[in-house]
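Visitor: Can you read through this structure? Questions will come right after.
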Protein chains: 2
Amino acid sequence: MDFSSKLLEQAVAEMSQLPGVGKRTALRLVLHLLKQPADQTTQLSEALVNLRTKIKLCNNCHNISDTELCEICSNKNRIREIVCVVEDIRDVMAIENTSQYRGLYHVLGGKISPMDGIGPSQLTIKSLIEKVKVGEIEEIIFALSSTLEGDTTNFYIFKQLGGLKVKTSTIARGISVGDELEYADEVTLGRSITNRIPFEGSLKN
Amino acid sequence: MDFSSKLLEQAVAEMSQLPGVGKRTALRLVLHLLKQPADQTTQLSEALVNLRTKIKLCNNCHNISDTELCEICSNKNRIREIVCVVEDIRDVMAIENTSQYRGLYHVLGGKISPMDGIGPSQLTIKSLIEKVKVGEIEEIIFALSSTLEGDTTNFYIFKQLGGLKVKTSTIARGISVGDELEYADEVTLGRSITNRIPFEGSLKN
């Protein structure tokens, strides 16, 4: 693209570095900002820089937080003996939205993925193992996404936990509530039969 | 969404004010920036603020420009007697990419659209008429998009030009080069038959 303005060109170049934002979309977004009051651009810029420079990771669970200890970890009403292992803050938000979980979290910051150059040392696995070694955690719930990388990460952590006295579990995989059986994929349907639960147990929720 | 961090919440709120960016996409973009070096966020913010505060509109054609007179208007090799009327900078870029036009532009800044509260006074129509009155412009080419608003705007300008000695033309509408006739819409195909051109003329490009 041939821009009539270097300023415009730079703004579009920076904007199009965001994932899923091509040059055309970047230009559309930047032209939109030009039509809005200057305040909007200032506020967007300040919010981004503030976030990037001031954000902290919780000392205990490594979730994104404004304080040294996040709201969940510092909440006295949460069950401190159960820890749910997730990939990132989006999973924490998704589980919190269900209002079905009262334990703490441990945010790994990703999944083991040799293809993307991510090994166990880039994740917060060591810190998890050390928390378990202290001896106050009774159960670890694995809640990573059900992919090759997710399964690999689960298994790696499981092996590292070997010998330590802690219960491990994984979230149930099965047919989504409201879904028709005939449209479910075979693997999911197969697992949901293998891992069937007592009927009385299903009435709890 | 329930964020664990006010900083994160603010950044997502600002980002999701961009057109076509929902809360989920905004969160994905912001989390991406957090994983990148802080430089990237700083550069994005600076580029946006620089653009918004320093950008100028060309005194002659109203296109976005870093200088008082844009590169096209200050280019001695352009034909100053022909002016192509377009909606915004994207149309200028599209026409420039064809390398088929050697005249100048006049950027309206939008189309007349009562539904969006945009009347003739918000556009640069008055300045166009005044340029024509000076008497140096020989031809005005209308190149607005072929919509109700585009046609209305063309017609409004055409009426305003009434009495002034200037030729007016509009870009040709027809079947796209490479398109199959059977898939063309009726209106376009109809117009392309009505506005057929001498066969010798079509060999020029």
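Labels used: A, B, ... for chains in the order of the structure tokens, numbers from 1 for residues in each chain, and numbers from 1 for ligands as shown.
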Give me, as number ranges by chain, all polymer residues having an atom no more than 12 Å from Phe155 (chain B), counting only C-alpha atoms and skipping those fewer than 2 positions away in the same chain.
Guide: B: 111-112, 120, 125, 142, 144, 148-153, 157-162, 168-170
Visitor: Listing only residues of chain A within 9 Å of chain B, what is the closest atom pair and its distance in Å (to one decimal) for each, using only C-alpha atoms, sorted by chain and residue number ascending, as CSV?
Guide:
residue,atom,partner,partner_atom,distance
A:Met1,CA,B:Met93,CA,7.3
A:Asp2,CA,B:Met93,CA,6.4
A:Phe3,CA,B:Met93,CA,7.0
A:Ser4,CA,B:Ser65,CA,5.8
A:Ser5,CA,B:Ser65,CA,4.9
A:Lys6,CA,B:Asp66,CA,6.9
A:Leu7,CA,B:Leu51,CA,5.3
A:Leu8,CA,B:Leu51,CA,6.1
A:Gln10,CA,B:Ala47,CA,6.2
A:Ala11,CA,B:Ala47,CA,4.8
A:Val12,CA,B:Ala47,CA,8.5
A:Ala13,CA,B:Leu44,CA,8.7
A:Glu14,CA,B:Leu44,CA,5.2
A:Met15,CA,B:Leu44,CA,6.5
A:Gln17,CA,B:Gln40,CA,8.8
A:Leu18,CA,B:Leu29,CA,6.4
A:Pro19,CA,B:Leu29,CA,6.8
A:Gly20,CA,B:Leu29,CA,8.8
A:Leu27,CA,B:Arg90,CA,8.4
A:Arg28,CA,B:Pro19,CA,8.5
A:Leu29,CA,B:Leu18,CA,6.4
A:Val30,CA,B:Leu48,CA,7.7
A:Leu31,CA,B:Ile89,CA,8.9
A:His32,CA,B:Leu18,CA,7.5
A:Leu33,CA,B:Arg52,CA,7.6
A:Leu34,CA,B:Arg52,CA,6.0
A:Ala38,CA,B:Arg52,CA,6.3
A:Gln40,CA,B:Glu14,CA,7.9
A:Thr41,CA,B:Val49,CA,6.3
A:Thr42,CA,B:Val49,CA,6.2
A:Gln43,CA,B:Glu14,CA,7.1
A:Leu44,CA,B:Glu14,CA,5.2
A:Ser45,CA,B:Ser45,CA,4.5
A:Glu46,CA,B:Ser45,CA,7.4
A:Ala47,CA,B:Ala11,CA,4.8
A:Leu48,CA,B:Ala11,CA,5.5
A:Val49,CA,B:Thr42,CA,6.2
A:Asn50,CA,B:Leu7,CA,7.0
A:Leu51,CA,B:Leu7,CA,5.2
A:Arg52,CA,B:Leu34,CA,6.0
A:Thr53,CA,B:Ala38,CA,7.3
A:Lys54,CA,B:Leu7,CA,8.0
A:Ile55,CA,B:Leu7,CA,7.1
A:Asn63,CA,B:Ser4,CA,8.1
A:Ile64,CA,B:Ser5,CA,6.7
A:Ser65,CA,B:Ser5,CA,4.9
A:Asp66,CA,B:Ser5,CA,5.3
A:Thr67,CA,B:Ser5,CA,8.4
A:Cys70,CA,B:Ser4,CA,7.1
A:Glu71,CA,B:Ser4,CA,6.7
A:Ile72,CA,B:Ser4,CA,8.1
A:Ile89,CA,B:Ser4,CA,8.5
A:Arg90,CA,B:Leu27,CA,8.5
A:Met93,CA,B:Asp2,CA,6.4
A:Ala94,CA,B:Met1,CA,8.8
A:Glu96,CA,B:Asp2,CA,8.0
A:Asn97,CA,B:Asp2,CA,7.6
Visitor: Produce a file of the selected residues containing C-alpha atoms, as a PDB file, in the first residue's frame.
Guide:
ATOM      1  CA  MET A   1       0.000   0.000   0.000  1.00  0.00           C
ATOM      2  CA  ASP A   2       1.153   3.459  -0.880  1.00  0.00           C
ATOM      3  CA  PHE A   3       0.391   5.943   1.894  1.00  0.00           C
ATOM      4  CA  SER A   4       0.310   9.703   1.447  1.00  0.00           C
ATOM      5  CA  SER A   5       1.498  10.138   5.046  1.00  0.00           C
ATOM      6  CA  LYS A   6       4.401   8.638   6.994  1.00  0.00           C
ATOM      7  CA  LEU A   7       2.484   9.090  10.254  1.00  0.00           C
ATOM      8  CA  LEU A   8      -0.413   7.104   8.863  1.00  0.00           C
ATOM      9  CA  GLN A  10       3.604   3.989  10.864  1.00  0.00           C
ATOM     10  CA  ALA A  11       0.324   3.739  12.760  1.00  0.00           C
ATOM     11  CA  VAL A  12      -0.967   1.150  10.277  1.00  0.00           C
ATOM     12  CA  ALA A  13       2.313  -0.814  10.460  1.00  0.00           C
ATOM     13  CA  GLU A  14       2.163  -0.985  14.266  1.00  0.00           C
ATOM     14  CA  MET A  15      -1.539  -1.823  14.334  1.00  0.00           C
ATOM     15  CA  GLN A  17       1.341  -6.399  14.105  1.00  0.00           C
ATOM     16  CA  LEU A  18      -1.589  -7.450  16.268  1.00  0.00           C
ATOM     17  CA  PRO A  19      -2.701 -11.030  15.628  1.00  0.00           C
ATOM     18  CA  GLY A  20      -5.456 -11.353  13.041  1.00  0.00           C
ATOM     19  CA  LEU A  27      -6.043   1.090   8.060  1.00  0.00           C
ATOM     20  CA  ARG A  28      -9.773   0.893   8.789  1.00  0.00           C
ATOM     21  CA  LEU A  29      -9.153   0.987  12.569  1.00  0.00           C
ATOM     22  CA  VAL A  30      -6.677   3.864  12.314  1.00  0.00           C
ATOM     23  CA  LEU A  31      -8.984   5.927  10.056  1.00  0.00           C
ATOM     24  CA  HIS A  32     -11.770   5.291  12.577  1.00  0.00           C
ATOM     25  CA  LEU A  33      -9.604   6.731  15.370  1.00  0.00           C
ATOM     26  CA  LEU A  34      -8.898   9.795  13.203  1.00  0.00           C
ATOM     27  CA  ALA A  38      -8.499  12.828  20.067  1.00  0.00           C
ATOM     28  CA  GLN A  40     -10.263   8.277  22.508  1.00  0.00           C
ATOM     29  CA  THR A  41      -6.812   7.694  21.001  1.00  0.00           C
ATOM     30  CA  THR A  42      -5.090   9.113  24.081  1.00  0.00           C
ATOM     31  CA  GLN A  43      -7.123   6.912  26.401  1.00  0.00           C
ATOM     32  CA  LEU A  44      -6.496   3.789  24.332  1.00  0.00           C
ATOM     33  CA  SER A  45      -2.751   4.481  24.264  1.00  0.00           C
ATOM     34  CA  GLU A  46      -2.562   5.218  27.973  1.00  0.00           C
ATOM     35  CA  ALA A  47      -4.576   2.136  28.897  1.00  0.00           C
ATOM     36  CA  LEU A  48      -2.249  -0.073  26.839  1.00  0.00           C
ATOM     37  CA  VAL A  49       0.971   1.454  28.179  1.00  0.00           C
ATOM     38  CA  ASN A  50      -0.352   1.424  31.758  1.00  0.00           C
ATOM     39  CA  LEU A  51      -1.290  -2.216  31.469  1.00  0.00           C
ATOM     40  CA  ARG A  52       2.032  -3.206  29.916  1.00  0.00           C
ATOM     41  CA  THR A  53       4.181  -1.358  32.434  1.00  0.00           C
ATOM     42  CA  LYS A  54       2.215  -1.715  35.675  1.00  0.00           C
ATOM     43  CA  ILE A  55       0.696  -5.176  35.420  1.00  0.00           C
ATOM     44  CA  ASN A  63      -2.575 -14.912  37.258  1.00  0.00           C
ATOM     45  CA  ILE A  64      -2.641 -11.350  35.916  1.00  0.00           C
ATOM     46  CA  SER A  65      -3.267  -9.030  38.847  1.00  0.00           C
ATOM     47  CA  ASP A  66      -2.947  -5.406  39.964  1.00  0.00           C
ATOM     48  CA  THR A  67      -1.566  -6.501  43.348  1.00  0.00           C
ATOM     49  CA  CYS A  70      -4.552 -11.648  43.320  1.00  0.00           C
ATOM     50  CA  GLU A  71      -8.160 -11.269  44.496  1.00  0.00           C
ATOM     51  CA  ILE A  72      -8.793 -14.999  44.360  1.00  0.00           C
ATOM     52  CA  ILE A  89      -6.352 -15.853  32.506  1.00  0.00           C
ATOM     53  CA  ARG A  90      -9.089 -16.567  29.973  1.00  0.00           C
ATOM     54  CA  MET A  93     -12.418 -16.167  33.786  1.00  0.00           C
ATOM     55  CA  ALA A  94     -14.357 -18.975  32.094  1.00  0.00           C
ATOM     56  CA  GLU A  96     -15.113 -18.259  37.520  1.00  0.00           C
ATOM     57  CA  ASN A  97     -18.151 -17.498  35.355  1.00  0.00           C
TER      58      ASN A  97
END
Visitor: Taking the DSSP secondary structure from the backbone, can you list the residues of region 30-194 of chain A that are strand (DSSP E), as a list of chain:residue names?
Guide: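 The residues of region 30-194 of chain A classed as strand (DSSP E) are A:Lys56, A:Leu57, A:Ile64, A:Ser65, A:Ile79, A:Arg80, A:Glu81, A:Ile82, A:Val83, A:Cys84, A:Val85, A:Val86, A:Gly103, A:Leu104, A:Tyr105, A:His106, A:Val107, A:Glu139, A:Ile140, A:Ile141, A:Phe142, A:Lys167, A:Thr168, A:Ser169, A:Thr170.
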Visitor: With only C-alpha atoms as the basis for distance, which of A:Ile171, A:Val166, A:Leu104, A:Leu69 is at the shortest distance from Ile82 (chain A)?
Guide: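 Nearest candidate to Ile82 (chain A) out of A:Ile171, A:Val166, A:Leu104, A:Leu69: A:Leu104.
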Visitor: Take CA of Val86 (chain B) and CA of Tyr105 (chain B) and report the distance between them in Å, one decimal.
Guide: 7.1 Å
Visitor: Excluding Val132 (chain A) and residues on its chain fewer than 5 positions from it, collect all residues at most 10 Å away from it, counting only C-alpha atoms, and give them as a count of residues only.
Guide: 12
Visitor: Counting only C-alpha atoms, what is within 12 Å of Glu186 (chain B), bar same-chain residues fewer than 6 positions away, as a PDB file with all heavy atoms, in the first residue's frame?
Guide:
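What landed in part21.pdb:
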ATOM      1  N   GLY B 174     -19.447  -1.539 -14.701  1.00  0.00           N
ATOM      2  CA  GLY B 174     -19.632  -2.638 -15.637  1.00  0.00           C
ATOM      3  C   GLY B 174     -19.122  -3.929 -15.058  1.00  0.00           C
ATOM      4  O   GLY B 174     -18.844  -4.017 -13.866  1.00  0.00           O
ATOM      5  N   ILE B 175     -19.000  -4.930 -15.930  1.00  0.00           N
ATOM      6  CA  ILE B 175     -18.533  -6.244 -15.495  1.00  0.00           C
ATOM      7  C   ILE B 175     -17.040  -6.143 -15.160  1.00  0.00           C
ATOM      8  O   ILE B 175     -16.274  -5.599 -15.941  1.00  0.00           O
ATOM      9  CB  ILE B 175     -18.734  -7.268 -16.633  1.00  0.00           C
ATOM     10  CG1 ILE B 175     -20.172  -7.239 -17.143  1.00  0.00           C
ATOM     11  CG2 ILE B 175     -18.313  -8.652 -16.203  1.00  0.00           C
ATOM     12  CD1 ILE B 175     -21.181  -7.617 -16.105  1.00  0.00           C
ATOM     13  N   SER B 192     -23.756  -2.049 -18.121  1.00  0.00           N
ATOM     14  CA  SER B 192     -22.584  -2.244 -18.971  1.00  0.00           C
ATOM     15  C   SER B 192     -22.995  -2.378 -20.435  1.00  0.00           C
ATOM     16  O   SER B 192     -22.196  -2.102 -21.332  1.00  0.00           O
ATOM     17  CB  SER B 192     -21.771  -3.464 -18.512  1.00  0.00           C
ATOM     18  OG  SER B 192     -22.376  -4.649 -18.955  1.00  0.00           O
ATOM     19  N   ILE B 193     -24.267  -2.778 -20.689  1.00  0.00           N
ATOM     20  CA  ILE B 193     -24.756  -2.833 -22.067  1.00  0.00           C
ATOM     21  C   ILE B 193     -25.164  -1.431 -22.522  1.00  0.00           C
ATOM     22  O   ILE B 193     -24.766  -0.958 -23.591  1.00  0.00           O
ATOM     23  CB  ILE B 193     -25.932  -3.823 -22.189  1.00  0.00           C
ATOM     24  CG1 ILE B 193     -25.407  -5.254 -21.996  1.00  0.00           C
ATOM     25  CG2 ILE B 193     -26.624  -3.672 -23.547  1.00  0.00           C
ATOM     26  CD1 ILE B 193     -26.475  -6.306 -21.936  1.00  0.00           C
TER      27      ILE B 193
END
Visitor: Give me every helix (DSSP H, G or I) residue in chain A, going by DSSP on the backbone, as number ranges by chain.
Guide: A: 6-15, 23-35, 38-54, 89-98, 114-116, 120-122, 125-134, 148-160, 181-183, 186-194, 199-202
Visitor: Measuring between only C-alpha atoms, which one of A:Leu57, A:Val134, A:Val187, A:Val177 shows the shortest distance to Ser146 (chain A)?
Guide: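 Distance minimum relative to Ser146 (chain A) lands on A:Val187.
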Visitor: Work out how far CA of Arg80 (chain B) is from CA of Asn154 (chain B), in Å to one decimal.
Guide: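 Atom-to-atom, CA of Asn154 (chain B) to CA of Arg80 (chain B), that is 20.8 Å.
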